$ cat run-v4.cif   # mmCIF, C-alpha atoms
data_protein
#
loop_
_atom_site.label_atom_id
_atom_site.label_comp_id
_atom_site.auth_asym_id
_atom_site.auth_seq_id
_atom_site.Cartn_x
_atom_site.Cartn_y
_atom_site.Cartn_z
CA MET W 26 0.00 0.00 0.00
CA LYS W 27 1.39 3.41 -0.90
CA PHE W 28 0.56 6.67 0.88
CA THR W 29 1.79 10.09 -0.24
CA VAL W 30 1.68 13.70 0.82
CA THR W 31 3.04 16.73 -1.05
CA GLN W 32 3.75 20.15 0.43
CA GLU W 33 6.26 22.94 -0.23
CA ASN W 34 7.43 21.46 -3.53
CA TYR W 35 8.33 17.97 -2.36
CA THR W 36 6.62 14.65 -1.82
CA MET W 37 6.96 12.18 1.04
CA ILE W 38 5.94 8.56 0.46
CA ALA W 39 5.13 5.77 2.91
CA ASP W 40 5.26 2.41 1.20
CA VAL W 41 3.64 -0.13 3.57
CA GLU W 42 4.11 -3.86 3.07
CA ALA W 43 2.31 -6.44 5.20
CA ILE W 44 4.42 -9.53 5.89
CA GLY W 45 1.96 -11.82 7.64
CA LYS W 46 0.87 -9.68 10.58
CA ASP W 47 4.09 -7.63 10.55
CA LEU W 48 4.66 -4.35 8.73
CA LEU W 49 7.59 -2.97 6.78
CA ILE W 50 7.15 0.77 6.21
CA LYS W 51 9.54 2.65 3.92
CA ILE W 52 9.35 6.45 4.28
CA THR W 53 11.15 8.15 1.39
CA GLY W 54 10.97 11.32 -0.61
CA GLY W 55 12.57 14.48 -1.83
CA ASP W 56 15.39 14.61 -4.35
CA THR W 57 17.47 11.71 -3.00
CA PRO W 58 15.50 8.95 -1.24
CA HIS W 59 17.67 6.73 0.95
CA ILE W 60 17.72 4.72 4.18
CA GLY W 61 18.95 7.04 6.91
CA THR W 62 17.36 5.37 9.91
CA VAL W 63 15.67 2.13 10.95
CA THR W 64 13.04 2.23 13.70
CA THR W 65 11.43 -0.86 15.22
CA LEU W 66 8.38 -1.22 17.45
CA THR W 67 5.41 -3.34 18.44
CA LYS W 68 2.19 -2.52 20.23
CA MET W 69 3.84 -3.48 23.53
CA THR W 70 7.49 -2.40 23.08
CA ASP W 71 9.22 0.96 22.95
CA LEU W 72 10.48 2.36 19.69
CA GLU W 73 14.17 1.72 19.01
CA THR W 74 16.15 3.47 16.28
CA ILE W 75 19.44 2.98 14.48
CA ARG W 76 20.76 6.12 12.74
CA TYR W 77 23.22 5.62 9.88
CA PRO W 78 26.03 8.10 9.17
CA SER W 79 25.51 10.49 6.26
CA HIS W 80 28.10 11.53 3.66
CA ASP W 81 29.86 13.88 6.11
CA GLY W 82 29.81 11.50 9.08
CA ARG W 83 26.92 13.13 10.94
CA LEU W 84 24.03 10.82 11.73
CA HIS W 85 20.87 11.00 9.66
CA LYS W 86 17.85 12.57 11.40
CA ASP W 87 15.08 10.81 9.46
CA ASP W 88 14.00 9.04 12.65
CA VAL W 89 12.08 12.22 13.50
CA LEU W 90 9.66 11.23 10.72
CA ALA W 91 9.63 7.51 11.55
CA VAL W 92 9.06 8.04 15.27
CA ARG W 93 6.14 10.37 14.62
CA VAL W 94 4.50 7.80 12.33
CA GLY W 95 5.35 4.92 14.68
CA LYS W 96 3.79 6.56 17.71
CA MET W 97 0.63 7.33 15.74
CA ILE W 98 0.10 3.73 14.59
CA GLN W 99 1.57 1.81 17.55
CA ALA W 100 -1.75 1.04 19.28
CA ASP W 101 -3.15 -0.42 16.03
CA LEU W 102 -0.22 -2.65 15.06
CA PRO W 103 -1.17 -6.28 14.39
CA GLY W 104 2.45 -7.50 14.85
CA SER W 105 5.96 -6.11 14.70
CA CYS W 106 6.80 -3.03 12.66
CA THR W 107 10.04 -1.87 11.03
CA ILE W 108 10.19 1.63 9.59
CA THR W 109 13.03 2.74 7.34
CA ALA W 110 13.21 6.47 6.68
CA GLY W 111 15.22 8.58 4.28
CA VAL W 112 13.98 11.87 2.86
CA HIS W 113 16.48 14.32 1.36
CA VAL W 114 15.54 17.64 -0.24
CA ASN W 115 18.45 19.45 -1.89
CA HIS W 116 19.07 22.83 -0.22
CA ILE W 117 16.05 22.31 2.02
CA SER W 118 14.45 25.52 3.28
CA LYS W 119 13.37 26.22 6.85
CA LYS W 120 9.74 26.13 5.68
CA GLN W 121 10.26 22.71 4.08
CA ILE W 122 11.80 21.43 7.31
CA MET W 123 8.86 22.78 9.30
CA VAL W 124 6.21 21.14 7.09
CA SER W 125 7.98 17.77 7.27
CA ALA W 126 6.41 17.27 10.72
CA LEU W 127 2.93 17.87 9.30
CA MET W 128 3.70 15.67 6.32
CA SER W 129 4.76 12.73 8.50
CA LYS W 130 1.68 13.29 10.69
CA ASN W 131 -0.47 13.11 7.56
CA LEU W 132 1.21 9.84 6.53
CA GLY W 133 0.67 8.44 10.02
CA GLU W 134 -3.03 9.31 9.87
CA GLN W 135 -3.37 7.63 6.46
CA ILE W 136 -1.62 4.46 7.68
CA LYS W 137 -3.63 4.41 10.92
CA LYS W 138 -6.90 4.60 8.98
CA TRP W 139 -5.73 1.78 6.69
CA LEU W 140 -4.73 -0.36 9.70
CA GLU W 141 -8.17 0.14 11.27
CA GLN W 142 -9.84 -1.06 8.05
CA THR W 143 -7.52 -3.98 7.21
CA ASN W 144 -7.96 -7.58 8.32
CA PHE W 145 -4.61 -9.18 9.09
CA ASP W 146 -5.91 -12.75 9.06
CA ALA W 147 -2.57 -14.53 8.71
CA PRO W 148 -2.16 -18.07 10.05
CA GLU W 149 -0.59 -18.36 13.48
CA PRO W 150 2.79 -20.12 13.60
CA VAL W 151 2.95 -23.63 15.05
CA TYR W 152 5.83 -24.41 17.41
CA TYR W 153 7.16 -27.57 18.99
CA SER W 154 6.20 -28.02 22.63
CA ASP W 155 8.94 -28.30 25.27
CA ASN W 156 8.95 -32.11 25.03
CA GLU W 157 8.96 -32.26 21.21
CA ASN W 158 11.90 -32.10 18.81
CA PRO W 159 12.23 -31.96 15.03
CA GLN W 160 12.43 -35.43 13.47
#

$ encode --input "run-v4.cif" --output "C-alpha cells"
Amino acid sequence: MKFTVTQENYTMIADVEAIGKDLLIKITGGDTPHIGTVTTLTKMTDLETIRYPSHDGRLHKDDVLAVRVGKMIQADLPGSCTITAGVHVNHISKKQIMVSALMSKNLGEQIKKWLEQTNFDAPEPVYYSDNENPQ
C-alpha cells in the first residue's frame, strides 16, 4: 500500500508492506531517497532506532519522521513493525523542514486509517512443545 503527501514542492511517500501480521514501512521522498534510519516497534514495546552516518559523518535525522508515524500507529499494530526512513531535499528551506512534521503526521493518519480497516488474518505459527523435537 502506498501513501503520499506533497507540500512545499516535495513529496513524502510511505510504502507499507504487510508480511503476515508484521509491517515494513519505507518512508522516502525528496530529491534523494535513501535509508537514513531504521526504527522498530510493536504494540507493547518501545520504539528503538538505528541512525546511519551520512556523507559527512553526521548521523541521519530521518527518525524524527519515523518516530512520529510509529507513535501514531503503535496502538493499532497487528504485529511487529520496522520503519526505514530517508527523505532528502536538496538545499532544504526552513519552511520545508517545518512542514515535514505535518507531512509525516499526515502519513501516520493515512496508515492508521488503513490499519483500522484492514484484516490481518494470517495463520498463526505452530511451534514444537517443550517435550517435542524436530524429526

$ resolve_selection --input "run-v4.cif" --expression "the PyMOL selection byres ((chain W and resi 133) around 8)" --output "list in words"
Arg93, Val94, Gly95, Met97, Ile98, Ser129, Lys130, Asn131, Leu132, Glu134, Gln135, Ile136 and Lys137 of chain W

$ atom_distance --input "run-v4.cif" --atom1 "atom CA of W:Arg76" --atom2 "atom CA of W:Ala126"
18.3 Å

$ closest_residue --input "run-v4.cif" --among "W:Val30, W:Met128, W:Ile122, W:Leu48" --to "W:Lys86" --atoms "all atoms listed in the file"
W:Ile122

$ closest_residue --input "run-v4.cif" --among "W:Pro103, W:Gly82, W:Gly111, W:Pro159" --to "W:Gly45" --atoms "all atoms listed in the file"
W:Pro103

$ closest_residue --input "run-v4.cif" --among "W:Ile52, W:Val151, W:Leu127, W:Leu84" --to "W:Thr109" --atoms "only C-alpha atoms"
W:Ile52

$ resolve_selection --input "run-v4.cif" --expression "the PyMOL selection byres ((chain W and resi 92) around 9)" --output "list in words"
Thr64, Leu72, Glu73, Thr74, Asp87, Asp88, Val89, Leu90, Ala91, Arg93, Val94, Gly95, Lys96, Met97 and Ile108 of chain W

$ write_last_selection --input "run-v4.cif" --atoms "C-alpha atoms" --output "compact mmCIF listing (two decimals), in the frame of the given file"
# COMPACT_ATOMS: atom_id res chain seq x y z
CA THR W 64 13.04 2.23 13.70
CA LEU W 72 10.48 2.36 19.69
CA GLU W 73 14.17 1.72 19.01
CA THR W 74 16.15 3.47 16.28
CA ASP W 87 15.08 10.81 9.46
CA ASP W 88 14.00 9.04 12.65
CA VAL W 89 12.08 12.22 13.50
CA LEU W 90 9.66 11.23 10.72
CA ALA W 91 9.63 7.51 11.55
CA ARG W 93 6.14 10.37 14.62
CA VAL W 94 4.50 7.80 12.33
CA GLY W 95 5.35 4.92 14.68
CA LYS W 96 3.79 6.56 17.71
CA MET W 97 0.63 7.33 15.74
CA ILE W 108 10.19 1.63 9.59

$ atom_distance --input "run-v4.cif" --atom1 "atom CA of W:Met69" --atom2 "atom CA of W:Leu140"
16.6 Å

$ build_atoms --input "run-v4.cif" --residues "stretch 103-116 of chain W" --atoms "N, CA and C atoms" --output "CSV table (one decimal), keeping the file's coordinate frame"
chain,number,residue,atom,x,y,z
W,103,PRO,N,-0.8,-4.9,14.2
W,103,PRO,CA,-1.2,-6.3,14.4
W,103,PRO,C,0.0,-7.2,14.8
W,104,GLY,N,1.2,-6.7,14.6
W,104,GLY,CA,2.4,-7.5,14.8
W,104,GLY,C,3.6,-6.5,15.0
W,105,SER,N,4.8,-7.0,14.6
W,105,SER,CA,6.0,-6.1,14.7
W,105,SER,C,6.0,-5.1,13.5
W,106,CYS,N,6.7,-4.1,13.7
W,106,CYS,CA,6.8,-3.0,12.7
W,106,CYS,C,8.2,-2.5,12.5
W,107,THR,N,8.7,-2.5,11.3
W,107,THR,CA,10.0,-1.9,11.0
W,107,THR,C,9.8,-0.7,10.1
W,108,ILE,N,10.3,0.4,10.4
W,108,ILE,CA,10.2,1.6,9.6
W,108,ILE,C,11.6,2.1,9.2
W,109,THR,N,11.8,2.1,7.9
W,109,THR,CA,13.0,2.7,7.3
W,109,THR,C,12.6,4.1,6.9
W,110,ALA,N,13.5,5.1,7.1
W,110,ALA,CA,13.2,6.5,6.7
W,110,ALA,C,14.4,7.1,6.0
W,111,GLY,N,14.2,7.8,5.0
W,111,GLY,CA,15.2,8.6,4.3
W,111,GLY,C,14.6,9.6,3.3
W,112,VAL,N,14.5,10.8,3.7
W,112,VAL,CA,14.0,11.9,2.9
W,112,VAL,C,15.1,12.9,2.8
W,113,HIS,N,15.5,13.3,1.5
W,113,HIS,CA,16.5,14.3,1.4
W,113,HIS,C,16.0,15.3,0.3
W,114,VAL,N,15.9,16.6,0.7
W,114,VAL,CA,15.5,17.6,-0.2
W,114,VAL,C,16.8,18.5,-0.4
W,115,ASN,N,17.3,18.6,-1.6
W,115,ASN,CA,18.4,19.4,-1.9
W,115,ASN,C,18.2,20.9,-1.4
W,116,HIS,N,19.2,21.4,-0.7
W,116,HIS,CA,19.1,22.8,-0.2
W,116,HIS,C,17.7,23.1,0.4
